[in-house]
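Report on the following structure.
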Amino acid sequence: QLQLVESGGGLVQPGGSLRLSCVASGFTLGYATIGWFRQAPGKEREGVSCISTSGAMTNYADSVKGRFTISRDNAKSTVYLQMNSLKPEDTAVYYCAAQPGNRITVRDMCATQIATYWGQGTQVTVSS
């Protein structure tokens, strides 16, 4: 069964940090372009960060540049999103998604949200 499972969300104070993980099962994560997306209450889902199959190419939303870092460990079938200097406006459900192959660019994946597989999401709440 093909599955993506996110973890690492929670409640954190402004300025704090969290690291999200996305673990894949049922397929080889290393063959997929991966993206992190988020949806805040009352807002549309948006692309946060995307990473190529090798990890060499990354893309970030302007709102998270310099604060978030995406990385991957293909041997562990895991993609991470390190989130630092968190702000209340980062509060959202965060989803990871996978698009098999490397034909889609990381920029396009984040912009179009095209992905075959989606996780169930993990809640991130930034509040004092």
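In the structure tokens, each chain is lettered A, B, ... as it comes, each chain's residues begin at 1, and ligands are numbered from 1 in order of appearance.
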Could you give me, as a short mmCIF file (atom, residue, chain, number, x, y, z; two decimals) with N, CA and C atoms, in the first residue's frame, the residues within 10 Å of Gln123 (chain A), counting only C-alpha atoms and dropping anything in the same chain fewer than 3 positions from it?
data_model
loop_
_atom_site.label_atom_id
_atom_site.label_comp_id
_atom_site.auth_asym_id
_atom_site.auth_seq_id
_atom_site.Cartn_x
_atom_site.Cartn_y
_atom_site.Cartn_z
N GLU A 6 3.06 11.92 7.77
CA GLU A 6 3.75 13.06 8.36
C GLU A 6 3.74 12.96 9.88
N SER A 7 4.74 13.55 10.48
CA SER A 7 4.80 13.63 11.94
C SER A 7 5.65 14.84 12.32
N GLY A 8 5.61 15.18 13.60
CA GLY A 8 6.43 16.27 14.09
C GLY A 8 5.70 17.56 14.36
N GLY A 9 4.43 17.61 14.03
CA GLY A 9 3.67 18.82 14.29
C GLY A 9 3.39 18.98 15.78
N GLY A 10 2.84 20.14 16.12
CA GLY A 10 2.50 20.39 17.52
C GLY A 10 2.31 21.86 17.79
N LEU A 11 2.28 22.18 19.08
CA LEU A 11 2.12 23.56 19.53
C LEU A 11 3.48 24.12 19.91
N ARG A 38 0.75 23.52 2.89
CA ARG A 38 0.04 23.81 4.12
C ARG A 38 -1.28 24.49 3.82
N GLN A 39 -2.21 24.30 4.73
CA GLN A 39 -3.51 24.94 4.61
C GLN A 39 -3.94 25.48 5.97
N ALA A 40 -4.08 26.77 6.03
CA ALA A 40 -4.53 27.44 7.24
C ALA A 40 -6.05 27.54 7.22
N THR A 91 0.80 28.87 11.33
CA THR A 91 -0.18 27.92 11.82
C THR A 91 -1.00 27.35 10.67
N ALA A 92 -1.01 26.03 10.55
CA ALA A 92 -1.71 25.37 9.45
C ALA A 92 -1.58 23.86 9.61
N VAL A 93 -2.33 23.15 8.79
CA VAL A 93 -2.09 21.72 8.63
C VAL A 93 -1.06 21.57 7.51
N TYR A 94 0.00 20.85 7.80
CA TYR A 94 1.08 20.66 6.83
C TYR A 94 0.98 19.26 6.22
N TYR A 95 1.04 19.23 4.91
CA TYR A 95 0.95 17.98 4.16
C TYR A 95 2.23 17.76 3.36
N VAL A 126 1.27 27.78 16.07
CA VAL A 126 2.26 28.71 16.64
C VAL A 126 1.49 29.75 17.43
#
- prompt: Which parts of chain A does DSSP call alpha helix (DSSP H) when run on the backbone here, written out as a PyMOL selection string?
  reply: chain A and resi 106-112
- prompt: Any idea what's packed within 12 Å of Val48 (chain A), counting only C-alpha atoms, ignoring anything in its chain fewer than 6 positions away? Could you give it as a ChimeraX atom specification?
  reply: /A:34-39,58-65,67-70,81-83,90,92-97,106-107,109-113
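Using only C-alpha atoms, the nearest neighbour of Ser54 (chain A) within the list A:Thr122, A:Gln13, A:Thr33, A:Gln3 is A:Thr33.
Our summary of the geometry notes that CA of Lys87 (chain A) is positioned 19.4 Å from CA of Ser21 (chain A).
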